[in-house]
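Engineer: Take this structure, written in structure tokens, and hold onto it; I'll ask about it next.
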Amino acid sequence: MTALHASVPCTKNQYTFTSESVSEGHPDKVCDQIADSILDAYLRQSGYSKVACETLCTKNQVVLSGEISSPVDRKIDVIPLVRKVISDIGYTNPNLGFDANCQILNLLHSQETALMENQGAGDQGLMFGYACDQTRQLMPAPITMAHKLLQNLARLRKNGTIANILPDAKSQVSMLFCGRKPVALQNVVISTHHLPLSEAQFSDLKQEITELVIRPTVAEMESDSHCTFRAEDYEIKINPLGMWEDGGPASDTGLTGRKIIVDTYGGWAQHGGGSFSGKDASKVDRSASYMARHIAKSVVGSGLAEECLLQFSFVIGEAEPVSLMVDTFGSGKMSDMELEKLIRSSFDLTVKGIIEYLDLRRPCYLPTAAYGHFGRDDGNFTWEKVKALK
């Protein structure tokens, strides 16, 4: 067990918890963004489009597969969409094995008619939503910091402030917890793909990342009025294995939906197993997870609990969840059973009701496909709003 900082007394269970994030240039995230860009394109054509798009990317190749149907009888040319996503991410160098001019194999085909007409859940499954008061976004602190690190790294890469870095990157944040609260930052890791560098250039790069990305991000998190952790003596690791010149889809095949923990709560909360990107809102893996997050955030945001975990379960073809679980980990102002009754009376939990309440037939999904689907304040994400409950 990690020794607790002397300045942070703790009479409860103490432990270290770690979350990671990956950048928009990570091969799996490239696939998620491609899939969601195709979903958004079909939703612009019709909000009743049914999309289940899967993507694979590898060296100089993207493969699209899955089922798509739209009430509008007009096929969308998805190839330019794919190339734009790849270019916007930053894969524009033709000499690195993957760029916007790669080969694209389109194997998308029509959706089964029975599924098109179904108004209930498109499949069985279980979904979780969570919120807590560790940050102003009502998200766990480790995953929030992990995302912020890579968002700041990407911003400085794109505006040219930090030169020579490429789109593929990862972060990892470890915090010491006392009970259910983070009390100390222990270590921060960033690994980034980069152009060939001399030893001196590599040393300078690590210093730039430390001073321009890590320390400002930590300071930003510390300034959050919800923050309970201290960052007095933490370890920084940048590219701990050394130089990273072979990255991106050219050296690591990507697939849609493989970063479901990065997409949600960084492992701090439970996960039902279903991924999000490339799926329209009739797929409850996505829509019910968004609704569960919205409800949990509303519970915490309304001051009814310090943290809240919800689970839905659905059966294929049925409109309403067959179960709803609420767990406030003993932090609720009312019992979990009373909260469940309040939730059932305050929200329409049918598939149609969720879609209409959260306005999920609009093209809003591409921005979700990197840096997390939850805790975001940089887009019109209806599930991140708080409904006052009492």
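Residues in the structure tokens are named by chain (A, B, ... in the order shown) and by number from 1 within that chain; ligands are numbered from 1 in the order shown.
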As a list in words, please: the residues near Pro142 (chain A) (cut-off 10 Å, only C-alpha atoms, same-chain neighbours under 6 positions excluded).
Structural biologist: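 Once the nearby chain positions are removed, what remains is Phe17, Thr18, Ser19, Glu20, Ser21, Gln134, Thr135, Gln172, Val173, Ser174, Met175, Leu176, Pro182, Leu185, Val188, Tyr265, Gly266, Gly267 and Trp268 of chain A.
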Engineer: Identify, on the basis of only C-alpha atoms, every residue whose closest approach to Gln111 (chain A) does not exceed 9 Å; exclude the query and any residue fewer than 5 positions from it along the same chain; express the result as a list in words.
Structural biologist: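 These residues fall inside the cut-off: Lys50, Val51, Ala52, Gly66, Glu67, Ile68, Ser69, Ser70 and Met116 of chain A.
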Engineer: How would the residues just picked look written out with N, CA, C and O atoms as a PDB file, in the first residue's frame?
Structural biologist:
```pdb
ATOM      1  N   LYS A  50     -30.763   4.951 -39.454  1.00  0.00           N
ATOM      2  CA  LYS A  50     -30.268   3.893 -38.568  1.00  0.00           C
ATOM      3  C   LYS A  50     -28.847   3.553 -39.015  1.00  0.00           C
ATOM      4  O   LYS A  50     -28.618   3.171 -40.166  1.00  0.00           O
ATOM      5  N   VAL A  51     -27.906   3.709 -38.103  1.00  0.00           N
ATOM      6  CA  VAL A  51     -26.490   3.569 -38.440  1.00  0.00           C
ATOM      7  C   VAL A  51     -25.804   2.648 -37.437  1.00  0.00           C
ATOM      8  O   VAL A  51     -25.964   2.812 -36.225  1.00  0.00           O
ATOM      9  N   ALA A  52     -25.082   1.682 -37.957  1.00  0.00           N
ATOM     10  CA  ALA A  52     -24.207   0.836 -37.146  1.00  0.00           C
ATOM     11  C   ALA A  52     -22.914   0.667 -37.939  1.00  0.00           C
ATOM     12  O   ALA A  52     -22.766  -0.269 -38.717  1.00  0.00           O
ATOM     13  N   GLY A  66     -20.534  -2.435 -41.802  1.00  0.00           N
ATOM     14  CA  GLY A  66     -21.706  -2.207 -40.966  1.00  0.00           C
ATOM     15  C   GLY A  66     -22.954  -1.972 -41.786  1.00  0.00           C
ATOM     16  O   GLY A  66     -22.961  -2.152 -43.013  1.00  0.00           O
ATOM     17  N   GLU A  67     -24.021  -1.563 -41.073  1.00  0.00           N
ATOM     18  CA  GLU A  67     -25.329  -1.440 -41.698  1.00  0.00           C
ATOM     19  C   GLU A  67     -25.835  -0.009 -41.551  1.00  0.00           C
ATOM     20  O   GLU A  67     -25.783   0.568 -40.459  1.00  0.00           O
ATOM     21  N   ILE A  68     -26.345   0.539 -42.638  1.00  0.00           N
ATOM     22  CA  ILE A  68     -26.903   1.892 -42.632  1.00  0.00           C
ATOM     23  C   ILE A  68     -28.171   1.906 -43.467  1.00  0.00           C
ATOM     24  O   ILE A  68     -28.198   1.367 -44.581  1.00  0.00           O
ATOM     25  N   SER A  69     -29.224   2.527 -42.926  1.00  0.00           N
ATOM     26  CA  SER A  69     -30.448   2.749 -43.690  1.00  0.00           C
ATOM     27  C   SER A  69     -30.999   4.111 -43.334  1.00  0.00           C
ATOM     28  O   SER A  69     -30.897   4.558 -42.186  1.00  0.00           O
ATOM     29  N   SER A  70     -31.573   4.786 -44.323  1.00  0.00           N
ATOM     30  CA  SER A  70     -32.126   6.112 -44.116  1.00  0.00           C
ATOM     31  C   SER A  70     -33.453   6.230 -44.849  1.00  0.00           C
ATOM     32  O   SER A  70     -33.607   5.667 -45.941  1.00  0.00           O
ATOM     33  N   MET A 116     -35.138  -1.726 -38.679  1.00  0.00           N
ATOM     34  CA  MET A 116     -35.514  -0.366 -39.047  1.00  0.00           C
ATOM     35  C   MET A 116     -36.856  -0.002 -38.437  1.00  0.00           C
ATOM     36  O   MET A 116     -37.079   1.120 -37.995  1.00  0.00           O
TER      37      MET A 116
END
```
Engineer: Which residue is closest to Lys259 (chain A)? Choose from A:His193, A:Arg215, A:Arg230, A:His373 and count only C-alpha atoms.
Structural biologist: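 With only C-alpha atoms as the atom set, the closest residue is A:His373.
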Engineer: Which residues, written as a list in words, have at least one atom at most 7 Å from Ile89 (chain A), with only C-alpha atoms counted and residues fewer than 2 positions away on the same chain left out?
Structural biologist: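 What passes the distance filter is Glu24, Gly25, Val85, Ile86, Ser87, Tyr91 and Pro167 of chain A.
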Engineer: Please list as number ranges by chain every residue within 9 Å of Ile165 (chain A), counting only C-alpha atoms and excluding residues in the same chain fewer than 4 positions away.
Structural biologist: A: 157, 192-195, 205
Engineer: Enter the distance from CA of Val299 (chain A) to CA of Asp377 (chain A), in Å, rounded to one decimal.
Structural biologist: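 Computed distance, CA of Val299 (chain A) to CA of Asp377 (chain A), equals 18.3 Å.
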Engineer: One number please: CA of His226 (chain A) to CA of Cys178 (chain A), in Å, one decimal.
Structural biologist: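 Result for CA of His226 (chain A) versus CA of Cys178 (chain A): 15.4 Å, one decimal.
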Engineer: Leaving out Tyr234 (chain A) and any residue of its chain fewer than 3 positions from it, which residues lie within 7 Å of it when counting only C-alpha atoms, given as a compact mmCIF listing (two decimals) with all heavy atoms, in the first residue's frame?
Structural biologist:
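New file selection_8.txt:
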```txt
# COMPACT_ATOMS: atom_id res chain seq x y z
N LEU A 185 -2.11 13.93 -5.88
CA LEU A 185 -1.65 13.49 -7.20
C LEU A 185 -0.31 12.80 -7.02
O LEU A 185 0.61 13.34 -6.39
CB LEU A 185 -1.50 14.71 -8.12
CG LEU A 185 -0.98 14.44 -9.53
CD1 LEU A 185 -1.94 13.54 -10.32
CD2 LEU A 185 -0.76 15.76 -10.27
N GLN A 186 -0.18 11.60 -7.58
CA GLN A 186 1.06 10.84 -7.40
C GLN A 186 1.95 10.84 -8.64
O GLN A 186 3.14 11.06 -8.54
CB GLN A 186 0.73 9.41 -6.99
CG GLN A 186 0.16 9.32 -5.59
CD GLN A 186 0.13 7.91 -5.07
OE1 GLN A 186 -0.22 6.97 -5.78
NE2 GLN A 186 0.49 7.73 -3.82
N ASN A 187 1.39 10.54 -9.81
CA ASN A 187 2.22 10.62 -11.01
C ASN A 187 1.38 10.90 -12.25
O ASN A 187 0.19 10.61 -12.30
CB ASN A 187 3.10 9.38 -11.20
CG ASN A 187 2.30 8.11 -11.35
OD1 ASN A 187 1.60 7.93 -12.35
ND2 ASN A 187 2.40 7.21 -10.38
N ALA A 231 -1.26 18.61 -5.17
CA ALA A 231 -0.25 18.22 -6.17
C ALA A 231 1.09 18.82 -5.77
O ALA A 231 1.71 19.57 -6.52
CB ALA A 231 -0.67 18.68 -7.56
```
Engineer: Any idea what's packed within 10 Å of Ala388 (chain A), counting only C-alpha atoms, ignoring anything in its chain fewer than 3 positions away? Could you give it as a list in words?
Structural biologist: Ser298, Val299, Val300, Gly301, Ser302, Gly303, Leu304, Ser346 and Lys385 of chain A
Engineer: What gap, in Å, lies between CA of Gln33 (chain A) and CA of Lys84 (chain A)?
Structural biologist: 10.5 Å
Engineer: Select from region 121-325 of chain A everything DSSP, run on the backbone, classes as helix (DSSP H, G or I), then give the selection as an NGL selection string.
Structural biologist: :A and (141-158 or 199-222 or 248-250 or 260-263 or 284-301)
Engineer: For Asp246 (chain A), list every protein, DNA or RNA residue within 12 Å, evaluated using only C-alpha atoms, and leave out those in the same chain fewer than 2 positions away; present the list as a count of residues only.
Structural biologist: 23
Engineer: Select, from A:Cys227, A:Val63, A:Ile238, A:Ala296, the residue with the minimum atom-to-atom distance to Val386 (chain A), counting only C-alpha atoms.
Structural biologist: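 Result for the nearest residue to Val386 (chain A): A:Ala296.
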Engineer: Which residue gives the smallest distance to Ile209 (chain A) among A:Ala100, A:Arg258, A:Leu149, A:Leu197, with only C-alpha atoms counted?
Structural biologist: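 Checking each of A:Ala100, A:Arg258, A:Leu149, A:Leu197 against Ile209 (chain A), counting only C-alpha atoms, the winner is A:Leu149.
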Engineer: For each of A:Ile236, A:Cys10, A:Val62, A:Ile355, take the minimum atom-to-atom distance to Thr253 (chain A), counting only C-alpha atoms, then give the residue where this is smallest.
Structural biologist: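 So, comparing all the options, the nearest one is A:Val62.
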Engineer: Just checking: using only C-alpha atoms, which residue out of A:Asp32, A:Glu222, A:Glu338, A:Asp73 ends up closest to Gly278 (chain A)?
Structural biologist: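 Using only C-alpha atoms, the shortest distance to Gly278 (chain A) belongs to A:Asp32.
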Engineer: Nearest to Lys12 (chain A): which of A:Tyr365, A:Phe177, A:Trp383, A:Phe202 is it, counting only C-alpha atoms?
Structural biologist: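 Residue with the minimum atom-to-atom distance to Lys12 (chain A): A:Phe177.
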Engineer: Could you pull out the strand (DSSP E) residues of region 140-325 of chain A, going by DSSP on the backbone, and write them as number ranges by chain?
Structural biologist: A: 165-178, 181-194, 235-238, 254-255, 307-314, 323-325
